[in-house]
Structures are given as structure tokens and as C-alpha cells.
$ cat entry.txt   # compact mmCIF, C-alpha atoms
# COMPACT_ATOMS: atom_id res chain seq x y z
CA MET A 1 -36.62 33.72 34.15
CA LYS A 2 -33.10 33.37 32.77
CA ASN A 3 -34.32 30.42 30.70
CA LYS A 4 -37.01 32.66 29.23
CA LEU A 5 -34.38 35.27 28.39
CA LYS A 6 -32.22 32.67 26.64
CA PHE A 7 -35.28 31.42 24.77
CA LEU A 8 -36.14 34.94 23.59
CA ILE A 9 -32.58 35.61 22.43
CA LYS A 10 -32.38 32.24 20.67
CA HIS A 11 -35.79 32.68 19.08
CA SER A 12 -35.07 36.22 17.90
CA LEU A 13 -31.65 35.24 16.55
CA SER A 14 -32.99 32.15 14.79
CA LYS A 15 -35.59 34.32 13.05
CA LYS A 16 -32.69 36.25 11.53
CA ILE A 17 -30.08 33.61 10.74
CA GLY A 18 -32.22 30.48 10.49
CA THR A 19 -34.10 31.51 7.38
CA LYS A 20 -33.43 30.28 3.85
CA TRP A 21 -32.98 33.87 2.69
CA PHE A 22 -30.13 34.43 5.12
CA LYS A 23 -28.35 31.35 3.78
CA VAL A 24 -29.01 32.26 0.14
CA ILE A 25 -27.86 35.86 0.61
CA ASN A 26 -24.67 34.76 2.35
CA VAL A 27 -23.86 32.27 -0.40
CA LEU A 28 -24.36 35.06 -2.95
CA LEU A 29 -22.22 37.43 -0.84
CA CYS A 30 -19.44 34.84 -0.68
CA ILE A 31 -19.53 34.36 -4.47
CA LEU A 32 -19.68 38.12 -5.04
CA ILE A 33 -16.70 38.89 -2.77
CA ILE A 34 -14.58 36.13 -4.35
CA SER A 35 -15.57 37.41 -7.80
CA MET A 36 -14.71 41.00 -6.88
CA ALA A 37 -11.30 39.89 -5.56
CA ASN A 38 -10.64 38.25 -8.94
CA ILE A 39 -12.44 40.76 -11.17
CA ASP A 40 -9.34 41.41 -13.26
CA ARG A 41 -8.94 37.71 -13.99
CA LEU A 42 -12.63 37.36 -14.84
CA ILE A 43 -12.37 40.26 -17.30
CA THR A 44 -9.30 38.67 -18.87
CA ALA A 45 -10.93 35.23 -19.04
CA PHE A 46 -14.09 36.47 -20.77
CA GLY A 47 -12.74 39.44 -22.67
CA GLY A 48 -9.46 38.43 -24.30
CA ASP A 49 -5.79 39.14 -23.69
CA PHE A 50 -5.61 42.56 -22.04
CA ASN A 51 -1.93 42.13 -21.25
CA LYS A 52 -0.95 42.21 -24.90
CA ASP A 53 1.16 45.21 -25.83
CA THR A 54 -0.36 47.96 -27.96
CA ASN A 55 2.15 48.83 -30.68
CA VAL A 56 2.16 52.44 -31.85
CA TYR A 57 3.82 52.69 -35.28
CA ILE A 58 5.10 56.14 -36.21
CA LYS A 59 5.38 56.84 -39.94
CA ASP A 60 7.44 60.01 -39.66
CA ASN A 61 7.61 62.16 -42.81
CA VAL A 62 8.71 65.31 -40.99
CA ASP A 63 11.59 64.12 -38.75
CA VAL A 64 9.86 64.80 -35.41
CA TYR A 65 10.23 61.29 -33.92
CA LYS A 66 13.24 62.54 -31.97
CA TYR A 67 10.81 64.75 -30.01
CA ILE A 68 8.00 62.18 -29.80
CA GLU A 69 9.99 59.35 -28.15
CA PRO A 70 11.21 61.24 -25.01
CA VAL A 71 7.75 62.72 -24.41
CA PHE A 72 6.17 59.28 -24.71
CA LYS A 73 8.65 57.77 -22.22
CA GLU A 74 7.99 60.57 -19.71
CA THR A 75 4.21 60.09 -20.06
CA VAL A 76 4.40 56.32 -19.53
CA LYS A 77 6.41 56.87 -16.32
CA VAL A 78 3.63 59.03 -14.88
CA VAL A 79 0.56 57.11 -16.17
CA ASP A 80 0.72 53.44 -15.14
CA ASN A 81 -2.17 52.48 -17.47
CA LEU A 82 0.03 53.24 -20.49
CA LYS A 83 2.83 50.83 -19.63
CA ASN A 84 1.67 48.30 -22.26
CA TYR A 85 2.05 50.84 -25.06
CA LYS A 86 5.15 50.32 -27.21
CA ILE A 87 6.16 53.09 -29.60
CA GLN A 88 8.44 52.59 -32.61
CA LYS A 89 9.43 54.40 -35.77
CA THR A 90 8.85 52.49 -38.99
CA ASP A 91 9.81 52.84 -42.66
CA LYS A 92 7.12 50.46 -43.90
CA SER A 93 4.38 51.74 -46.16
CA ILE A 94 0.93 52.52 -44.79
CA LYS A 95 -0.59 49.61 -46.76
CA GLU A 96 1.87 47.15 -45.19
CA LEU A 97 1.15 48.51 -41.73
CA GLU A 98 -2.61 48.32 -42.26
CA LYS A 99 -2.29 44.60 -42.95
CA GLU A 100 -0.28 44.12 -39.74
CA ILE A 101 -2.83 45.80 -37.47
CA ASP A 102 -5.81 43.72 -38.68
CA ASP A 103 -7.89 42.59 -35.68
CA THR A 104 -5.46 44.12 -33.15
CA LYS A 105 -5.31 47.16 -30.85
CA ASP A 106 -2.20 48.48 -32.65
CA ILE A 107 -2.13 52.07 -33.88
CA ILE A 108 -0.54 53.71 -36.91
CA ILE A 109 0.31 57.41 -36.83
CA GLU A 110 1.32 59.03 -40.08
CA ILE A 111 2.91 62.45 -39.59
CA ASN A 112 3.12 64.89 -42.51
CA GLN A 113 4.23 68.47 -42.88
CA SER A 114 1.70 71.30 -42.74
CA GLU A 115 2.34 74.83 -43.94
CA ILE A 116 -0.07 76.30 -41.41
CA ASN A 117 0.31 74.09 -38.27
CA TYR A 118 3.83 72.71 -38.87
CA ILE A 119 2.57 69.11 -38.83
CA SER A 120 -0.61 67.16 -39.58
CA SER A 121 -1.33 63.55 -38.71
CA THR A 122 -3.54 60.61 -39.57
CA ILE A 123 -4.39 57.96 -36.96
CA ILE A 124 -5.21 54.51 -38.37
CA THR A 125 -6.71 51.73 -36.21
CA TYR A 126 -8.62 48.50 -36.83
CA ASP A 127 -11.44 49.43 -34.44
CA ALA A 128 -12.50 52.80 -33.04
CA ILE A 129 -9.70 54.30 -30.97
CA ASP A 130 -10.35 54.54 -27.22
CA THR A 131 -10.23 57.81 -25.29
CA ILE A 132 -7.00 57.06 -23.40
CA SER A 133 -5.08 56.22 -26.58
CA TYR A 134 -6.41 59.24 -28.43
CA GLN A 135 -5.54 61.58 -25.56
CA LEU A 136 -2.03 60.12 -25.35
CA ILE A 137 -1.44 60.58 -29.08
CA SER A 138 -2.93 64.07 -29.06
CA ASN A 139 -0.66 65.20 -26.20
CA ILE A 140 2.44 63.71 -27.85
CA LEU A 141 1.73 65.27 -31.25
CA ASN A 142 1.00 68.69 -29.76
CA SER A 143 4.26 68.50 -27.82
CA ALA A 144 6.12 67.48 -31.00
CA LYS A 145 4.60 70.45 -32.84
CA GLU A 146 5.76 72.83 -30.11
CA SER A 147 9.27 71.35 -30.25
CA LEU A 148 9.33 71.75 -34.03
CA ALA A 149 8.25 75.37 -33.72
CA ILE A 150 10.98 76.01 -31.13
CA GLU A 151 13.49 74.37 -33.48
CA LYS A 152 12.59 76.89 -36.18
CA ILE A 153 13.64 79.65 -33.76
CA GLY A 154 17.15 78.22 -33.62
CA LEU A 155 17.46 76.05 -30.49
CA SER A 156 19.32 72.75 -30.78
CA GLU A 157 17.68 69.33 -30.39
CA ALA A 158 19.30 68.81 -26.96
CA GLU A 159 18.14 72.26 -25.78
CA ILE A 160 14.58 71.57 -26.94
CA ILE A 161 14.44 68.19 -25.15
CA ALA A 162 15.83 69.80 -21.98
CA LEU A 163 13.27 72.59 -22.29
CA LYS A 164 10.35 70.15 -22.69
CA SER A 165 11.40 67.62 -20.03
CA ASN A 166 9.79 67.55 -16.59
CA VAL A 167 11.41 69.39 -13.70
CA ASP A 168 13.18 67.18 -11.14
CA ILE A 169 11.53 67.87 -7.78
CA THR A 170 12.98 66.73 -4.45
CA LYS A 171 10.74 66.90 -1.37
CA LYS A 172 12.29 68.21 1.83
CA THR A 173 10.64 69.13 5.13
CA THR A 174 12.00 71.03 8.12
CA ASN A 175 9.44 69.72 10.63
CA PRO A 176 11.35 67.23 12.87
CA ASN A 177 8.09 65.65 14.05
CA LEU A 178 6.83 64.89 10.54
CA GLU A 179 6.36 61.22 9.78
CA GLU A 180 8.95 59.94 7.31
CA ASN A 181 6.41 57.94 5.36
CA ALA A 182 3.54 60.24 4.48
CA LYS A 183 2.37 57.83 1.78
CA ALA A 184 1.28 55.35 4.45
CA LYS A 185 -1.02 58.01 5.93
CA ASP A 186 -2.44 58.65 2.48
CA ILE A 187 -3.35 54.97 2.25
CA ILE A 188 -5.05 55.13 5.67
CA SER A 189 -6.95 58.31 4.80
CA SER A 190 -8.18 56.97 1.47
CA GLY A 191 -8.46 53.19 1.18
CA LEU A 192 -8.21 51.77 4.67
CA ILE A 193 -10.67 54.26 6.17
CA ILE A 194 -13.33 52.62 4.01
CA LEU A 195 -12.58 49.29 5.70
CA PHE A 196 -13.62 50.81 9.04
CA ILE A 197 -16.38 53.20 8.03
CA VAL A 198 -18.41 51.52 5.28
CA PRO A 199 -18.98 48.11 6.96
CA PHE A 200 -19.91 49.77 10.26
CA PHE A 201 -22.26 52.16 8.45
CA ILE A 202 -23.96 49.29 6.60
CA PHE A 203 -24.26 47.08 9.69
CA ILE A 204 -25.75 49.84 11.85
CA THR A 205 -28.27 50.70 9.12
CA LEU A 206 -29.21 47.01 8.97
CA LEU A 207 -29.41 46.80 12.76
CA VAL A 208 -31.66 49.85 13.10
CA GLN A 209 -34.08 48.76 10.38
CA MET A 210 -34.17 45.15 11.59
CA LEU A 211 -34.93 46.07 15.21
CA GLY A 212 -37.66 48.49 14.21
CA ALA A 213 -39.29 46.01 11.84
CA GLU A 214 -39.24 43.17 14.40
CA ILE A 215 -40.66 45.18 17.32
CA ASN A 216 -43.32 46.86 15.17
CA ASP A 217 -44.27 43.49 13.71
CA GLU A 218 -44.87 42.12 17.21
CA LYS A 219 -46.90 45.19 18.12
CA SER A 220 -49.01 45.16 14.97
CA THR A 221 -49.85 41.45 15.34
CA LYS A 222 -50.66 41.96 19.06
CA SER A 223 -48.20 39.19 19.93
CA MET A 224 -46.33 41.74 22.05
CA GLU A 225 -49.09 41.58 24.68
CA ILE A 226 -48.71 37.79 24.99
CA ILE A 227 -44.90 38.06 25.25
CA ILE A 228 -44.93 40.84 27.86
CA SER A 229 -47.55 39.00 29.93
CA ASN A 230 -45.07 36.12 30.30
CA VAL A 231 -41.74 38.00 30.27
CA PRO A 232 -40.88 41.34 31.93
CA PRO A 233 -40.18 44.21 29.49
CA LYS A 234 -36.60 44.33 30.77
CA TYR A 235 -35.86 40.80 29.54
CA HIS A 236 -37.65 41.43 26.26
CA PHE A 237 -35.59 44.60 25.77
CA VAL A 238 -32.33 42.79 26.58
CA ALA A 239 -33.24 39.90 24.27
CA LYS A 240 -33.91 42.20 21.30
CA ILE A 241 -30.69 44.16 21.80
CA THR A 242 -28.56 41.04 22.34
CA ALA A 243 -30.01 39.12 19.38
CA SER A 244 -29.62 42.06 17.01
CA THR A 245 -26.07 42.78 18.16
CA LEU A 246 -25.12 39.11 17.81
CA PHE A 247 -26.61 39.03 14.32
CA VAL A 248 -24.50 42.03 13.23
CA ILE A 249 -21.34 40.49 14.74
CA ILE A 250 -22.04 37.10 13.09
CA GLN A 251 -22.69 38.74 9.73
CA GLY A 252 -19.53 40.81 10.07
CA ALA A 253 -17.49 37.70 10.95
CA LEU A 254 -18.93 35.90 7.93
CA LEU A 255 -17.99 38.75 5.61
CA LEU A 256 -14.47 38.77 7.06
CA GLY A 257 -14.29 35.01 6.44
CA TYR A 258 -15.47 35.49 2.85
CA SER A 259 -12.78 38.13 2.32
CA ILE A 260 -10.06 35.80 3.65
CA LEU A 261 -11.42 33.01 1.42
CA ALA A 262 -11.35 35.39 -1.56
CA ILE A 263 -7.65 36.16 -0.93
CA ILE A 264 -6.88 32.43 -0.67
CA VAL A 265 -8.75 31.71 -3.92
CA ARG A 266 -6.94 34.56 -5.65
CA ASN A 267 -3.54 33.22 -4.57
CA LEU A 268 -4.47 29.68 -5.64
CA ILE A 269 -5.57 30.89 -9.07
CA GLY A 270 -2.35 32.86 -9.35
CA LEU A 271 -0.27 29.75 -8.54
CA LEU A 272 -2.20 27.48 -10.89
CA PHE A 273 -2.78 29.72 -13.90
CA GLY A 274 -0.40 32.65 -13.48
CA SER A 275 -1.28 36.22 -12.57
CA GLY A 276 -3.56 37.09 -15.48
CA ILE A 277 -3.77 40.65 -14.32
CA VAL A 278 -5.32 43.37 -16.43
CA SER A 279 -3.43 46.40 -15.17
CA GLY A 280 -0.46 45.42 -13.06
CA ASP A 281 0.09 42.69 -10.53
CA VAL A 282 -2.60 43.38 -7.94
CA SER A 283 -1.18 40.83 -5.49
CA LYS A 284 2.21 42.53 -5.67
CA TYR A 285 0.51 45.91 -5.22
CA ILE A 286 -1.25 44.67 -2.06
CA LYS A 287 2.02 43.26 -0.70
CA ASP A 288 3.74 46.59 -1.38
CA ILE A 289 1.01 48.40 0.58
CA ILE A 290 1.33 45.96 3.49
CA ASN A 291 5.12 46.40 3.53
CA LEU A 292 4.70 50.18 3.40
CA LEU A 293 2.29 50.13 6.34
CA LYS A 294 4.58 47.77 8.22
CA ASP A 295 7.64 49.95 7.67
CA SER A 296 5.76 53.06 8.78
CA GLY A 297 4.66 51.35 12.01
CA ILE A 298 0.93 51.59 11.26
CA ILE A 299 0.40 47.81 11.33
CA GLU A 300 2.09 47.60 14.74
CA LEU A 301 -0.11 50.47 15.91
CA ALA A 302 -3.22 48.71 14.59
CA LEU A 303 -2.36 45.43 16.32
CA LYS A 304 -1.87 47.21 19.66
CA GLY A 305 -5.21 48.98 19.40
CA LEU A 306 -7.19 46.18 17.73
CA PRO A 307 -8.75 44.72 20.95
CA ILE A 308 -9.83 48.21 22.06
CA ILE A 309 -11.20 49.03 18.59
CA ILE A 310 -13.25 45.81 18.57
CA VAL A 311 -14.68 46.60 22.02
CA LEU A 312 -15.42 50.16 20.89
CA PHE A 313 -17.27 48.85 17.82
CA ILE A 314 -19.37 46.45 19.92
CA LEU A 315 -20.24 49.15 22.47
CA ASN A 316 -21.33 51.54 19.73
CA ILE A 317 -23.42 48.80 18.13
CA LEU A 318 -25.10 48.27 21.52
CA ALA A 319 -25.71 52.02 21.84
CA TYR A 320 -27.37 52.16 18.42
CA ALA A 321 -29.38 49.01 19.23
CA ILE A 322 -30.68 50.50 22.50
CA ILE A 323 -31.72 53.75 20.81
CA ALA A 324 -33.35 51.86 17.92
CA GLY A 325 -35.24 49.61 20.34
CA VAL A 326 -36.49 52.59 22.36
CA LEU A 327 -37.62 54.45 19.22
CA ALA A 328 -39.34 51.33 17.88
CA SER A 329 -41.24 50.88 21.16
CA MET A 330 -42.63 54.41 20.85
CA THR A 331 -44.14 53.82 17.38
CA THR A 332 -47.15 51.84 16.32
CA ASN A 333 -46.13 51.02 12.72
CA ILE A 334 -43.03 50.80 10.58
CA GLU A 335 -43.87 54.03 8.68
CA ASP A 336 -43.71 56.09 11.90
CA TYR A 337 -40.52 54.33 12.90
CA GLN A 338 -38.83 55.17 9.59
CA GLN A 339 -39.40 58.85 10.33
CA LEU A 340 -37.96 58.52 13.84
CA GLN A 341 -34.83 56.72 12.64
CA SER A 342 -33.79 59.72 10.49
CA PRO A 343 -31.82 61.33 13.37
CA ILE A 344 -29.81 58.11 13.74
CA MET A 345 -28.91 58.21 10.04
CA ILE A 346 -27.89 61.89 10.34
CA VAL A 347 -25.60 61.11 13.29
CA MET A 348 -23.99 58.29 11.32
CA MET A 349 -23.47 60.55 8.30
CA MET A 350 -21.81 63.12 10.56
CA GLY A 351 -19.40 60.48 11.84
CA TYR A 352 -18.73 59.31 8.29
CA PHE A 353 -17.78 62.76 6.97
CA ILE A 354 -15.78 63.69 10.08
CA ALA A 355 -13.70 60.51 9.71
CA ILE A 356 -13.15 61.24 6.02
CA MET A 357 -11.94 64.78 6.83
CA ALA A 358 -9.65 63.66 9.66
CA SER A 359 -6.58 63.38 7.43
CA THR A 360 -7.20 66.79 5.85
CA PHE A 361 -7.67 68.64 9.16
CA GLU A 362 -4.87 66.89 11.02
CA GLY A 363 -4.70 67.83 14.69
CA SER A 364 -8.17 69.39 14.72
CA ILE A 365 -9.45 69.72 18.29
CA PHE A 366 -13.05 69.43 17.06
CA ILE A 367 -12.35 66.05 15.42
CA GLN A 368 -10.56 64.83 18.55
CA ILE A 369 -13.56 65.85 20.68
CA THR A 370 -15.96 63.95 18.39
CA SER A 371 -13.82 60.83 18.86
CA TYR A 372 -14.99 60.78 22.51
CA ILE A 373 -18.70 61.14 21.68
CA PRO A 374 -20.64 57.83 21.74
CA LEU A 375 -22.31 56.91 18.41
CA LEU A 376 -19.57 58.89 16.63
CA SER A 377 -16.52 57.38 18.37
CA ALA A 378 -16.60 54.07 16.47
CA LEU A 379 -16.34 55.98 13.18
CA VAL A 380 -13.83 58.63 14.20
CA ALA A 381 -11.62 57.29 17.03
CA PRO A 382 -10.07 54.28 15.18
CA VAL A 383 -9.33 56.38 12.11
CA ILE A 384 -7.49 59.21 13.87
CA TYR A 385 -5.72 56.64 16.06
CA LEU A 386 -4.33 54.87 12.98
CA LEU A 387 -3.41 58.24 11.49
CA GLY A 388 -1.29 58.87 14.59
CA GLN A 389 -3.34 61.88 15.73
CA THR A 390 -4.30 60.26 19.05
CA THR A 391 -2.70 57.76 21.40
CA LEU A 392 -3.78 54.34 22.64
CA LEU A 393 -4.72 55.94 25.97
CA GLN A 394 -7.10 58.32 24.22
CA LEU A 395 -8.63 55.37 22.36
CA ILE A 396 -9.17 53.60 25.69
CA ILE A 397 -10.80 56.75 27.12
CA SER A 398 -13.20 56.88 24.14
CA THR A 399 -14.11 53.24 24.84
CA LEU A 400 -14.71 53.87 28.56
CA ILE A 401 -16.91 56.89 27.81
CA CYS A 402 -18.89 54.78 25.37
CA LEU A 403 -19.28 52.05 28.03
CA VAL A 404 -20.71 54.57 30.52
CA ALA A 405 -23.03 55.92 27.79
CA VAL A 406 -24.32 52.41 27.00
CA ILE A 407 -25.11 51.79 30.69
CA LEU A 408 -26.96 55.12 31.00
CA LEU A 409 -28.80 54.57 27.72
CA PHE A 410 -29.94 51.16 28.90
CA ILE A 411 -31.12 52.41 32.31
CA TYR A 412 -33.12 55.35 30.97
CA GLY A 413 -34.03 53.65 27.71
CA LEU A 414 -35.61 50.77 29.60
CA ARG A 415 -37.93 53.22 31.40
CA ILE A 416 -39.18 54.54 28.07
CA TYR A 417 -39.37 51.02 26.64
CA LYS A 418 -41.67 49.87 29.46
CA VAL A 419 -44.07 52.72 28.70
CA GLY A 420 -43.96 52.53 24.91
CA ILE A 421 -43.91 48.81 24.28
CA LEU A 422 -47.62 48.33 25.04
CA ASN A 423 -48.66 51.76 23.84
CA TYR A 424 -50.70 51.76 20.61
CA SER A 425 -51.55 55.44 20.51
CA SER A 426 -49.33 58.40 19.70
CA SER A 427 -51.42 60.84 21.72
CA ASP A 428 -49.62 62.22 24.79
CA LEU A 429 -46.81 59.75 24.11
CA TRP A 430 -44.04 62.30 24.68
CA LYS A 431 -45.58 63.32 28.00
CA LYS A 432 -45.52 59.67 29.06
CA VAL A 433 -41.93 59.34 27.87
CA PHE A 434 -40.65 62.32 29.86
CA LYS A 435 -42.66 61.19 32.89
CA SER A 436 -41.15 57.70 32.66
CA LEU A 437 -37.62 59.16 32.61
CA LYS A 438 -38.21 60.71 36.02
CA GLU A 439 -39.45 57.44 37.52
CA LYS A 440 -37.04 54.89 39.00
$ encode --input "entry.txt" --output "C-alpha cells"
Amino acid sequence: MKNKLKFLIKHSLSKKIGTKWFKVINVLLCILIISMANIDRLITAFGGDFNKDTNVYIKDNVDVYKYIEPVFKETVKVVDNLKNYKIQKTDKSIKELEKEIDDTKDIIIEINQSEINYISSTIITYDAIDTISYQLISNILNSAKESLAIEKIGLSEAEIIALKSNVDITKKTTNPNLEENAKAKDIISSGLIILFIVPFFIFITLLVQMLGAEINDEKSTKSMEIIISNVPPKYHFVAKITASTLFVIIQGALLLGYSILAIIVRNLIGLLFGSGIVSGDVSKYIKDIINLLKDSGIIELALKGLPIIIVLFILNILAYAIIAGVLASMTTNIEDYQQLQSPIMIVMMMGYFIAIMASTFEGSIFIQITSYIPLLSALVAPVIYLLGQTTLLQLIISTLICLVAVILLFIYGLRIYKVGILNYSSSDLWKKVFKSLKEK
């Protein structure tokens, strides 16, 4: 009988990973992930030199450049996308400047006096000016106009610059238990949460749909009767759950491998051809994030909890697989199954949004309770653990609760599966289901 179980698992798994489509899709995924990791270099390679500085020439006929330059420098400090803009005052004529900006992104700003609005300006570019550049120029000119108006009142140049400069703000907290590096938590709550939530969400959706389609296909072709006549429903149930879970784990491992390969390719390209980055050195940015997480202790925390998190993920995948298999056994076609799988999707969405809100509602008892609930724990527990809201012990408790839930789901789910797997009618199905739950 064990040989039959192995055969069923192998056969079911080979139907998923032995097809040409699986190989083609994974090759495309590998190419796509490597391309996404090097998207900035691809844009640069096919779109020109995006690292070239954008020169902003100021033809000042009003003597307001003294107010424009400090505002520009303050703006560039705040907005990283503007760091390639270089501003300079010029005495050249407009005709000379127009010849210099031919086929470039450079900008000419001619500032003249206005009796009504203090100043007026003309922006000259080779191509249509982009929104970011126009907004930058508009803000600078409006600030210069305000400074000129203040000057008319009688304030000195130094007083006007001091008045217009940003306030120096120093952050100080009195909570002795507050983490020193709050920025690391911001990274967890924004970017790194996606690394836990989105892949799990996608894999579970794939798992649920795949299980339902496979079981309903066997029922619709009547091959289920032949299988069950040779193999007990228990072994068939175990084979479907095991094969589907293994498929999700294999696909997840492949995606992880593609991601590692993408990082290696990116580093090799950087060594061979230089950075070629569009907006900042992405590799350096990633290293800075890693160092920040390391200094804050989050990486050490993640490494300690990683084995438990992996087990928790696998147990939750098994729980979803058992529920999907039971629901699929109760339906007679894929259309009915799609309606039944809606509650699973709702539960997953709940876990998704709760995990997203974990950083906002720090210390929430409700969120901590949901981290112990199977089906939700894989989405919530790892996130609040990495945010430092729960301990490793609490993460282990969530995993143990999920283990007990998987065992109970299998025991009672198998009873329903035995009744539903050979049932081709929806009449009195729920009565049969509840009756089967009472039977041993």
C-alpha cells in the first residue's frame, strides 16, 4: 500500500512539474526576475545616458539668483531624484545658450522684472519639459519672488535667507524602551513585509486552485472511481496534499534560486561594465539597508527564528491544502469549487491586511491573537516577530498551535473527504458531511 501511496504522490507531482509548460514558465520567470533586478541598467542600455547631469542655466536680469541658489540646494538635499541637476548663473546671451542645449536635457531660465508680479520668467528647453523639472523650477521661482517681495519691505539678504531656510529639527524620545533604530522597523513594515506576505499569498492561491482543478478533473472524467477502487481514500487524500505542498515548496525554492542568481548577475554586470544606475547606486542602497538591519539586530532576530518560520509556513500550507482538498471533494465541477474557495481567499486577505497594519498598531492585542490562529499565523506571526512585538517563544507557540490544527483538520477532513470524493450530487451533501464528522 505504501508503494501505491508513493506512486500517487509521484504521479501527481510529475503532472505538475513534468510538463513542458512548467519548464517554459520557470525559464521565463528566471529571465523576468534577472531582468527586474537589472531594470535600471536595461533602461540605461536602451534609452541613453540617464546619469548625465541636467544643467539649469539662469539668465538673471533682476538679481534674484542669490535667493534661487540656496533654495535649489535645500530642495536637492530633500529630493534624491534631483541630484543630477546642476544650477548656474550665466551672462551668455539667450541665442548662445539655445545653441548649447541642442539635443540635450539642459534648461534655460530667463528671469525678467515684472511690475505686477515682481518677476516673470521664460523656460527654454530642446524638448518638452518633464513634470519634475517644471515643478522644481516653479517652486524655486515662486520662492525667489517671495524673497524679493520681502526685500522690498526692508529685510537684509541674510535675514531673508534665514527666514526662508528650513527649520533644523532634532528628534528626541523619552521612552527608554524605544528602539534606537526606528528606520529599520520602517523597512520591515514596508518593503520586507512584502517578501513574506506576497509570495505566500500567491503560492496559496496557486495551491488552492491547483488542488481543486485536479480533484474535479478526476471526478468529472470518472477516473476517481478507478483510483479509489484500488487505493483507500486516505492514501489518495494524503497523496494530493503531499504532492501539492511539495510543488509549492519546489516552486518557492526555484524562485529563491532565481533571485539569488539575479543578484549574482547584477554584481557581475556591475564589475564588468560599471554601475550604470539610473537613480543612485542600487547595490549600495541594498548594502546600506542590510547594514541598517544588522546594526538594529533584526537580521540576528530573523536568523534565530528562521527555522520556526519555515516550519510555520509549511504547516499553514498543509492546512490550506487540507481545506482545499476537502472542499474540492464536496463539489462536482470546477465552477462550484470556485464559489466554495471564496472563504479561503477572504481569510488570506484578512491575514494580508492585518500584517500590513501590524507596524501601525504596534502592541495591539488583537493582532497578537491573530498570530496564533492557523491560516492567519503564517502571514502575521513572522511579521510581528521581526518587528519585535513578539518573542521567539510566542512564535514557537503559534507553530505548535498550527501543528495541532493541521492534525485535527486532517482527521476530520478525511471523514468528509471519504463521503464527498465519490459523491456526484449536491443534494443532501451537507447532511452527509455533518453526519460523517460524527463518525469515527
$ closest_residue --input "entry.txt" --among "A:Leu141, A:Ile33, A:Ile369, A:Ala324" --to "Ile264 (chain A)" --atoms "all atoms listed in the file"
A:Ile33
$ residues_around --input "entry.txt" --residues "region 115-129 of chain A" --least-positions-apart "2" --cutoff "8 Å" --atoms "all atoms listed in the file" --output "list in words"
Val62, Glu98, Ile101, Asp102, Asp103, Thr104, Lys105, Asp106, Ile107, Ile108, Ile109, Glu110, Ile111, Asn112, Gln113, Thr131, Ser133, Tyr134, Lys145, Leu148 and Ala149 of chain A
$ residues_around --input "entry.txt" --residues "Gly212 (chain A)" --least-positions-apart "5" --cutoff "8 Å" --atoms "only C-alpha atoms" --output "ChimeraX atom specification"
/A:324-325,327-328,334,337
$ closest_residue --input "entry.txt" --among "A:Met36, A:Ile411, A:Leu254, A:Leu195" --to "Phe22 (chain A)" --atoms "all atoms listed in the file"
A:Leu254
$ atom_distance --input "entry.txt" --atom1 "CA of Leu206 (chain A)" --atom2 "CA of Leu340 (chain A)"
15.3 Å
$ closest_residue --input "entry.txt" --among "A:Phe196, A:Phe203, A:Phe353, A:Tyr385" --to "Lys304 (chain A)" --atoms "only C-alpha atoms"
A:Tyr385
$ axis_aligned_box --input "entry.txt" --around "region 221-227 of chain A" --padding-each-side "3 Å" --output "AutoDock Vina command-line options"
--center_x -47.8 --center_y 39.9 --center_z 20.3 --size_x 11.8 --size_y 10.2 --size_z 15.9
